[in-house]
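Enquirer: Dropping in query_10.cif, which is mmCIF, C-alpha atoms:
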data_coords
loop_
_atom_site.label_atom_id
_atom_site.label_comp_id
_atom_site.auth_asym_id
_atom_site.auth_seq_id
_atom_site.Cartn_x
_atom_site.Cartn_y
_atom_site.Cartn_z
CA MET A 1 -45.74 0.98 -66.45
CA TYR A 2 -44.69 4.50 -67.39
CA ILE A 3 -46.28 6.59 -70.12
CA HIS A 4 -43.72 8.87 -71.70
CA ASN A 5 -44.87 12.49 -71.61
CA LEU A 6 -41.58 14.40 -71.35
CA ASP A 7 -41.19 17.68 -73.22
CA PRO A 8 -38.06 17.82 -75.44
CA VAL A 9 -38.00 21.62 -74.99
CA LEU A 10 -36.48 22.80 -71.71
CA PHE A 11 -37.21 26.51 -72.15
CA ASP A 12 -39.22 28.24 -74.86
CA PHE A 13 -38.64 31.97 -75.33
CA GLY A 14 -40.74 32.28 -78.46
CA LEU A 15 -38.21 32.86 -81.23
CA ILE A 16 -35.58 30.86 -79.37
CA SER A 17 -36.03 27.56 -77.54
CA ILE A 18 -33.55 25.48 -75.55
CA ARG A 19 -33.89 21.74 -76.09
CA TRP A 20 -32.61 18.96 -73.88
CA TYR A 21 -30.78 17.46 -76.89
CA SER A 22 -28.81 20.65 -77.56
CA LEU A 23 -28.08 21.00 -73.86
CA SER A 24 -26.72 17.45 -73.73
CA TYR A 25 -24.17 18.31 -76.44
CA ILE A 26 -23.10 21.50 -74.67
CA LEU A 27 -22.79 19.87 -71.24
CA GLY A 28 -21.06 16.81 -72.67
CA ILE A 29 -18.40 18.96 -74.34
CA LEU A 30 -17.90 21.25 -71.32
CA ILE A 31 -17.69 18.45 -68.74
CA GLY A 32 -15.51 16.35 -71.06
CA TRP A 33 -13.25 19.35 -71.64
CA TRP A 34 -12.80 19.86 -67.89
CA TYR A 35 -12.24 16.18 -67.15
CA GLY A 36 -9.87 15.78 -70.09
CA LYS A 37 -7.58 18.35 -68.51
CA LYS A 38 -7.53 16.31 -65.30
CA ILE A 39 -6.50 13.22 -67.26
CA ILE A 40 -3.73 15.11 -69.05
CA SER A 41 -2.27 16.52 -65.84
CA LYS A 42 -2.59 13.36 -63.72
CA VAL A 43 -1.87 10.59 -66.24
CA ILE A 44 -0.76 11.64 -69.71
CA ASN A 45 2.00 14.13 -68.93
CA LYS A 46 3.31 12.09 -66.01
CA ASN A 47 4.36 9.61 -68.64
CA GLU A 48 6.42 12.15 -70.60
CA ASN A 49 3.87 12.85 -73.32
CA ASN A 50 3.88 16.33 -74.82
CA LEU A 51 0.17 17.18 -74.78
CA SER A 52 -0.27 20.45 -72.89
CA ILE A 53 -3.43 21.82 -71.31
CA SER A 54 -3.38 24.82 -73.66
CA GLU A 55 -3.17 22.52 -76.68
CA PHE A 56 -6.13 20.55 -75.39
CA ASP A 57 -8.04 23.84 -75.13
CA ASP A 58 -7.28 24.48 -78.81
CA LEU A 59 -8.34 20.93 -79.69
CA ILE A 60 -11.91 21.56 -78.52
CA THR A 61 -12.68 23.61 -81.63
CA TYR A 62 -11.59 20.68 -83.80
CA ILE A 63 -13.69 18.29 -81.72
CA VAL A 64 -16.87 20.37 -81.94
CA LEU A 65 -16.57 20.76 -85.72
CA SER A 66 -15.69 17.07 -86.09
CA ILE A 67 -18.75 15.97 -84.11
CA ILE A 68 -21.13 18.19 -86.08
CA LEU A 69 -19.72 17.52 -89.55
CA GLY A 70 -18.96 13.83 -88.98
CA GLY A 71 -22.20 13.13 -87.17
CA ARG A 72 -24.33 14.80 -89.81
CA LEU A 73 -22.54 13.35 -92.84
CA GLY A 74 -22.53 9.93 -91.18
CA TYR A 75 -26.30 10.09 -90.76
CA VAL A 76 -26.74 11.16 -94.37
CA LEU A 77 -24.53 8.37 -95.74
CA PHE A 78 -25.38 5.55 -93.35
CA TYR A 79 -29.04 6.10 -92.54
CA ASN A 80 -30.85 8.27 -95.09
CA TYR A 81 -28.77 8.54 -98.24
CA ASN A 82 -31.62 8.35 -100.78
CA TYR A 83 -33.65 11.06 -99.05
CA TYR A 84 -30.77 13.53 -98.88
CA LEU A 85 -29.74 12.70 -102.44
CA GLU A 86 -33.12 14.07 -103.49
CA ASN A 87 -33.07 16.89 -100.90
CA PRO A 88 -29.40 17.95 -100.69
CA PHE A 89 -30.05 21.35 -99.11
CA GLU A 90 -31.61 19.67 -96.07
CA ILE A 91 -28.20 18.23 -95.20
CA LEU A 92 -27.44 21.66 -93.71
CA MET A 93 -30.60 21.65 -91.59
CA ILE A 94 -29.09 19.93 -88.57
CA TRP A 95 -31.75 21.44 -86.32
CA LYS A 96 -34.21 18.99 -87.90
CA GLY A 97 -32.28 16.11 -86.34
CA GLY A 98 -30.28 13.27 -87.76
CA MET A 99 -26.83 12.66 -86.27
CA SER A 100 -24.82 9.43 -86.39
CA PHE A 101 -22.52 8.35 -83.57
CA HIS A 102 -20.33 6.35 -85.95
CA GLY A 103 -20.06 9.32 -88.28
CA ALA A 104 -19.10 11.57 -85.37
CA LEU A 105 -16.49 9.00 -84.32
CA LEU A 106 -14.87 9.03 -87.76
CA GLY A 107 -14.99 12.83 -87.73
CA ILE A 108 -13.25 12.98 -84.34
CA ILE A 109 -10.53 10.56 -85.43
CA LEU A 110 -9.85 12.63 -88.55
CA GLY A 111 -9.98 15.90 -86.61
CA CYS A 112 -7.53 14.61 -83.98
CA TYR A 113 -5.21 13.32 -86.69
CA ILE A 114 -5.12 16.72 -88.42
CA PHE A 115 -4.57 18.47 -85.08
CA SER A 116 -1.76 16.09 -84.10
CA ILE A 117 0.11 16.76 -87.35
CA LYS A 118 -0.17 20.52 -86.92
CA ARG A 119 0.92 20.48 -83.28
CA GLY A 120 3.39 17.60 -83.33
CA VAL A 121 1.46 15.58 -80.75
CA LYS A 122 0.99 11.81 -81.05
CA THR A 123 -2.48 11.04 -82.35
CA PHE A 124 -3.14 8.12 -80.01
CA VAL A 125 -2.32 10.23 -76.96
CA ILE A 126 -5.08 12.66 -77.95
CA LEU A 127 -7.51 9.86 -78.81
CA ASP A 128 -6.87 8.16 -75.46
CA VAL A 129 -8.03 11.30 -73.65
CA ILE A 130 -11.06 11.65 -75.92
CA ALA A 131 -11.92 7.96 -75.42
CA CYS A 132 -12.04 8.36 -71.64
CA VAL A 133 -14.22 11.48 -71.65
CA SER A 134 -16.56 10.59 -74.54
CA PRO A 135 -18.86 8.35 -72.45
CA ILE A 136 -19.91 11.48 -70.56
CA GLY A 137 -21.37 13.00 -73.70
CA ILE A 138 -22.79 9.66 -74.82
CA PHE A 139 -24.57 9.24 -71.48
CA LEU A 140 -26.13 12.71 -71.65
CA GLY A 141 -27.02 12.27 -75.31
CA ARG A 142 -28.87 9.00 -74.69
CA LEU A 143 -30.81 10.60 -71.83
CA ALA A 144 -31.78 13.36 -74.25
CA ASN A 145 -32.87 10.71 -76.77
CA PHE A 146 -35.13 9.29 -74.06
CA ILE A 147 -36.59 12.70 -73.26
CA ASN A 148 -37.23 13.25 -76.98
CA GLY A 149 -38.95 9.86 -77.21
CA GLU A 150 -36.70 8.83 -80.13
CA LEU A 151 -34.57 5.74 -80.76
CA TYR A 152 -37.17 3.81 -78.78
CA GLY A 153 -37.08 0.07 -78.17
CA LYS A 154 -38.96 -2.95 -79.38
CA VAL A 155 -42.25 -4.12 -77.90
CA THR A 156 -41.90 -5.90 -74.56
CA THR A 157 -44.04 -7.41 -71.82
CA LEU A 158 -41.53 -6.61 -69.08
CA PRO A 159 -42.93 -4.56 -66.17
CA PHE A 160 -40.45 -1.71 -66.71
CA GLY A 161 -41.52 -1.20 -70.31
CA ILE A 162 -42.56 2.30 -71.39
CA ILE A 163 -45.32 3.56 -73.64
CA PHE A 164 -44.29 6.25 -76.12
CA PRO A 165 -47.66 7.80 -77.11
CA LYS A 166 -46.16 9.67 -80.07
CA VAL A 167 -45.23 6.27 -81.53
CA ASP A 168 -48.10 4.00 -80.50
CA ASN A 169 -49.76 2.60 -77.39
CA LEU A 170 -47.54 -0.45 -77.10
CA THR A 171 -45.18 -1.07 -74.19
CA ARG A 172 -41.58 -0.84 -75.37
CA HIS A 173 -38.05 -1.28 -74.08
CA PRO A 174 -36.50 2.01 -72.90
CA SER A 175 -33.52 1.23 -75.12
CA GLN A 176 -32.21 4.78 -74.78
CA LEU A 177 -31.70 4.17 -71.06
CA TYR A 178 -30.02 0.82 -71.74
CA GLU A 179 -27.58 2.63 -74.01
CA ALA A 180 -27.06 5.43 -71.49
CA PHE A 181 -26.05 2.83 -68.90
CA LEU A 182 -23.90 0.60 -71.12
CA GLU A 183 -22.32 3.06 -73.57
CA GLY A 184 -22.17 5.92 -71.10
CA PHE A 185 -21.94 5.05 -67.42
CA LEU A 186 -20.43 1.55 -67.56
CA LEU A 187 -18.01 2.38 -70.38
CA PHE A 188 -16.80 5.45 -68.47
CA ILE A 189 -16.18 3.42 -65.30
CA ILE A 190 -14.25 0.67 -67.11
CA LEU A 191 -12.04 2.93 -69.23
CA ASN A 192 -11.15 5.31 -66.44
CA PHE A 193 -10.52 2.52 -63.95
CA ILE A 194 -8.02 0.97 -66.37
CA LEU A 195 -6.44 4.35 -67.15
CA PHE A 196 -5.84 5.28 -63.50
CA SER A 197 -5.06 1.82 -62.12
CA ARG A 198 -2.07 0.87 -64.28
CA ASP A 199 0.85 2.39 -66.13
CA TYR A 200 -0.26 4.42 -69.13
CA ILE A 201 0.04 2.54 -72.41
CA LYS A 202 -0.42 4.66 -75.50
CA GLY A 203 -3.43 3.58 -77.57
CA LEU A 204 -4.88 1.20 -74.96
CA SER A 205 -7.82 3.41 -74.01
CA SER A 206 -8.58 4.12 -77.68
CA SER A 207 -8.63 0.45 -78.66
CA LEU A 208 -10.69 -0.57 -75.62
CA PHE A 209 -13.18 2.19 -76.37
CA LEU A 210 -13.74 0.80 -79.86
CA ILE A 211 -14.14 -2.74 -78.57
CA LEU A 212 -16.33 -2.03 -75.56
CA TYR A 213 -18.56 0.56 -77.19
CA GLY A 214 -19.00 -1.75 -80.16
CA VAL A 215 -20.01 -4.68 -77.94
CA PHE A 216 -22.36 -2.57 -75.81
CA ARG A 217 -23.97 -1.02 -78.89
CA ILE A 218 -24.52 -4.45 -80.48
CA ILE A 219 -26.23 -5.59 -77.27
CA SER A 220 -28.38 -2.46 -77.21
CA GLU A 221 -29.39 -2.92 -80.84
CA ILE A 222 -31.08 -6.20 -79.84
CA PHE A 223 -33.65 -4.20 -77.86
CA ARG A 224 -33.80 -1.10 -80.08
CA GLU A 225 -36.25 -0.59 -82.93
CA PRO A 226 -34.33 -0.10 -86.19
CA ASP A 227 -34.59 3.20 -88.06
CA THR A 228 -37.76 3.03 -90.14
CA GLN A 229 -36.10 4.27 -93.33
CA VAL A 230 -33.40 1.57 -93.10
CA GLY A 231 -34.96 -1.38 -91.28
CA TYR A 232 -33.06 -4.63 -90.97
CA ILE A 233 -30.16 -5.72 -93.15
CA MET A 234 -29.40 -9.38 -93.81
CA GLY A 235 -31.98 -10.83 -91.46
CA GLN A 236 -32.01 -9.20 -88.03
CA LEU A 237 -28.91 -7.02 -88.39
CA THR A 238 -29.16 -3.22 -88.22
CA ILE A 239 -26.79 -0.68 -89.71
CA GLY A 240 -25.84 0.29 -86.14
CA SER A 241 -24.83 -3.27 -85.22
CA ILE A 242 -22.85 -3.69 -88.47
CA LEU A 243 -20.91 -0.46 -87.93
CA SER A 244 -20.33 -1.42 -84.29
CA PHE A 245 -18.98 -4.81 -85.33
CA LEU A 246 -16.46 -3.02 -87.55
CA MET A 247 -15.52 -0.94 -84.50
CA VAL A 248 -14.83 -4.11 -82.52
CA LEU A 249 -12.63 -5.48 -85.32
CA ALA A 250 -10.68 -2.22 -85.56
CA GLY A 251 -10.24 -2.07 -81.78
CA ALA A 252 -9.13 -5.71 -81.57
CA THR A 253 -6.55 -5.11 -84.32
CA MET A 254 -5.21 -2.06 -82.50
CA LEU A 255 -5.07 -3.91 -79.19
CA THR A 256 -3.14 -6.79 -80.75
CA LYS A 257 -0.57 -4.39 -82.21
CA ILE A 258 -0.21 -2.64 -78.85
CA LYS A 259 0.46 -5.93 -77.07
CA TRP A 260 3.08 -6.93 -79.66
CA ALA A 261 4.77 -3.54 -79.41
CA ASN A 262 4.98 -3.72 -75.61
CA GLN A 263 6.35 -7.28 -75.62
CA LYS A 264 9.42 -6.28 -77.63
#
Can you give me the file's structure in the form of structure tokens?
Expert:
Amino acid sequence: MYIHNLDPVLFDFGLISIRWYSLSYILGILIGWWYGKKIISKVINKNENNLSISEFDDLITYIVLSIILGGRLGYVLFYNYNYYLENPFEILMIWKGGMSFHGALLGIILGCYIFSIKRGVKTFVILDVIACVSPIGIFLGRLANFINGELYGKVTTLPFGIIFPKVDNLTRHPSQLYEAFLEGFLLFIILNFILFSRDYIKGLSSSLFLILYGVFRIISEIFREPDTQVGYIMGQLTIGSILSFLMVLAGATMLTKIKWANQK
């Protein structure tokens, strides 16, 4: 049994501190940026798609803004609407925490769509690259969640359960690590194996990302304690599992259309 005693602050310089959570965002973007260029040069542009490395460099600004704005607004709308309705100025205080993956996802899709119109690049080509690199950031983010002792799991009697003293003295599932493995590591392996092992099909990686992430997140939600301000919805459903189910439906619809288009 492990008692969680990790410090969320990596370095503290007094007025300025560096937190593991902030570092996970920075590393996720930088590593994803580098790996995205590899995908473009080795897969995307070998199939006569017009997404250049320099355009991908310009896209990063859109992605960063999309993650921050989408993630924050998603958290406000999906997870804590009543609180921020009464405290609207705190919406801007992102350093206090509160980011939604599903909100960030919607933000990225919108940001990529706007970028594709301005640059004349097909939206799904961009989203395919983002889909294959996103699990890197998700993996690092979930590890940071674990270090912070947040998004903890339900009570368990399993021998690998963890006590989070800031919560209580009960042994709980390390649900953050489950998510890091499923939504980060495993999702990355599957998507990139498919991308590099067969002919590139536009939109395939994007649709599979929606389906697989949605399924993995629904599984993870079984072991994860729901957000206290939201709780369960309609029995044992959480807002995370509901939004993930919608992801699966959207991905399945996209995948069906892709199969029809390639059979013609």
Enquirer: One decimal, in Å: what's the spacing between CA of Arg198 in chain A and CA of Gly36 in chain A?
Expert: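 The value is 17.8 Å.
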Enquirer: Extending 6 Å beyond the listed atoms of range 156-161 of chain A on each side, what axis-aligned box results? I want centre and edge lengths in Å to one decimal, as lines of an AutoDock Vina configuration file.
Expert:
center_x = -42.2
center_y = -4.3
center_z = -70.4
size_x = 15.6
size_y = 18.2
size_z = 20.4
Enquirer: For Leu10 in chain A, list every protein, DNA or RNA residue within 6 Å, evaluated using only C-alpha atoms, and leave out those in the same chain fewer than 6 positions away; present the list as a list in words.
Expert: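 Final neighbour list, sorted by chain and number: Ile18, Arg19 and Trp20 of chain A.
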Enquirer: Mind dumping the selected residues with C-alpha atoms as a PDB file, in the frame of the given file?
Expert:
ATOM      1  CA  ILE A  18     -33.550  25.480 -75.550  1.00  0.00           C
ATOM      2  CA  ARG A  19     -33.890  21.740 -76.090  1.00  0.00           C
ATOM      3  CA  TRP A  20     -32.610  18.960 -73.880  1.00  0.00           C
TER       4      TRP A  20
END
Enquirer: Rounded to one decimal, what separation in Å do you get between CA of Asn5 in chain A and CA of Leu158 in chain A?
Expert: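 The value is 19.6 Å.
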Enquirer: Care to translate the PyMOL selection byres ((chain A and resi 156) around 6) into actual residues of this file, as a PyMOL selection string?
Expert: chain A and resi 155+157-158+171-172
Enquirer: Find the residues with any atom within 12 Å of (-0.5, 5.2, -68.4); use all atoms listed in the file and the coordinates as given in the file, and write the answer as a list of chain:residue names.
Expert: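 Answer for this query, in the requested form: A:Ile39, A:Ile40, A:Ser41, A:Lys42, A:Val43, A:Ile44, A:Asn45, A:Lys46, A:Asn47, A:Glu48, A:Asn49, A:Val125, A:Asp128, A:Val129, A:Leu191, A:Asn192, A:Phe193, A:Ile194, A:Leu195, A:Phe196, A:Ser197, A:Arg198, A:Asp199, A:Tyr200, A:Ile201, A:Lys202, A:Gly203, A:Leu204, A:Ser205.
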Enquirer: Given all atoms listed in the file, how would the per-residue table for range 118-234 of chain A near range 250-261 of chain A read, listing every residue at most 8 Å away with its closest atom pair and distance in Å to one decimal, sorted by chain and number, as JSON lines?
Expert:
{"residue": "A:Gly203", "atom": "CA", "partner": "A:Ile258", "partner_atom": "CA", "distance": 7.1}
{"residue": "A:Leu204", "atom": "CA", "partner": "A:Leu255", "partner_atom": "CA", "distance": 6.6}
{"residue": "A:Ser206", "atom": "CA", "partner": "A:Gly251", "partner_atom": "CA", "distance": 7.6}
{"residue": "A:Ser207", "atom": "CA", "partner": "A:Gly251", "partner_atom": "CA", "distance": 4.3}
{"residue": "A:Leu208", "atom": "CA", "partner": "A:Gly251", "partner_atom": "CA", "distance": 6.4}
{"residue": "A:Phe209", "atom": "CA", "partner": "A:Gly251", "partner_atom": "CA", "distance": 7.5}
{"residue": "A:Leu210", "atom": "CA", "partner": "A:Gly251", "partner_atom": "CA", "distance": 4.9}
{"residue": "A:Ile211", "atom": "CA", "partner": "A:Gly251", "partner_atom": "CA", "distance": 5.1}
Enquirer: If the PyMOL selection byres ((chain A and resi 165) around 12) is run on the structure shown, which residues does it catch, given as a count of residues only?
Expert: 19
Enquirer: I'd like a table as a Markdown table: residues in range 79-195 of chain A with an atom no more than 8 Å from range 229-244 of chain A, each row giving the shortest atom pair and its distance in Å to one decimal, only C-alpha atoms counted, sorted by chain and rising residue number.
Expert:
| residue | atom | partner | partner_atom | distance |
| --- | --- | --- | --- | --- |
| A:Tyr79 | CA | A:Val230 | CA | 6.3 |
| A:Asn80 | CA | A:Gln229 | CA | 6.8 |
| A:His102 | CA | A:Leu243 | CA | 7.1 |
Enquirer: At most 8 Å from (-13.8, 14.1, -87.5), file frame, all atoms listed in the file: which residues, as a list in words?
Expert: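 Within 8 Å of (-13.8, 14.1, -87.5), the protein and nucleic acid residues are Tyr62, Ile63, Leu65, Ser66, Ile67, Leu69, Gly70, Gly103, Ala104, Leu105, Leu106, Gly107, Ile108, Ile109, Leu110, Gly111 and Cys112 of chain A.
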Enquirer: Would you mind reading off the distance between CA of Ala144 in chain A and CA of Val9 in chain A, one decimal, in Å?
Expert: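 If I compute the distance from CA of Ala144 in chain A to CA of Val9 in chain A, I get 10.4 Å.
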Enquirer: Would you write out, as a list in words, every residue that the PyMOL selection byres ((chain A and resi 23) around 12) captures in this file?
Expert: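 This file gives the following for the PyMOL selection byres ((chain A and resi 23) around 12): Pro8, Val9, Leu10, Phe11, Ser17, Ile18, Arg19, Trp20, Tyr21, Ser22, Ser24, Tyr25, Ile26, Leu27, Gly28, Ile29, Leu30, Ile31, Gly137, Leu140, Gly141, Leu143, Ala144, Asn145 and Ile147 of chain A.
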Enquirer: So, counting all atoms listed in the file, which residue among A:Phe181, A:Phe115, A:Tyr35, A:Phe78 is closest to Leu59 in chain A?
Expert: A:Phe115
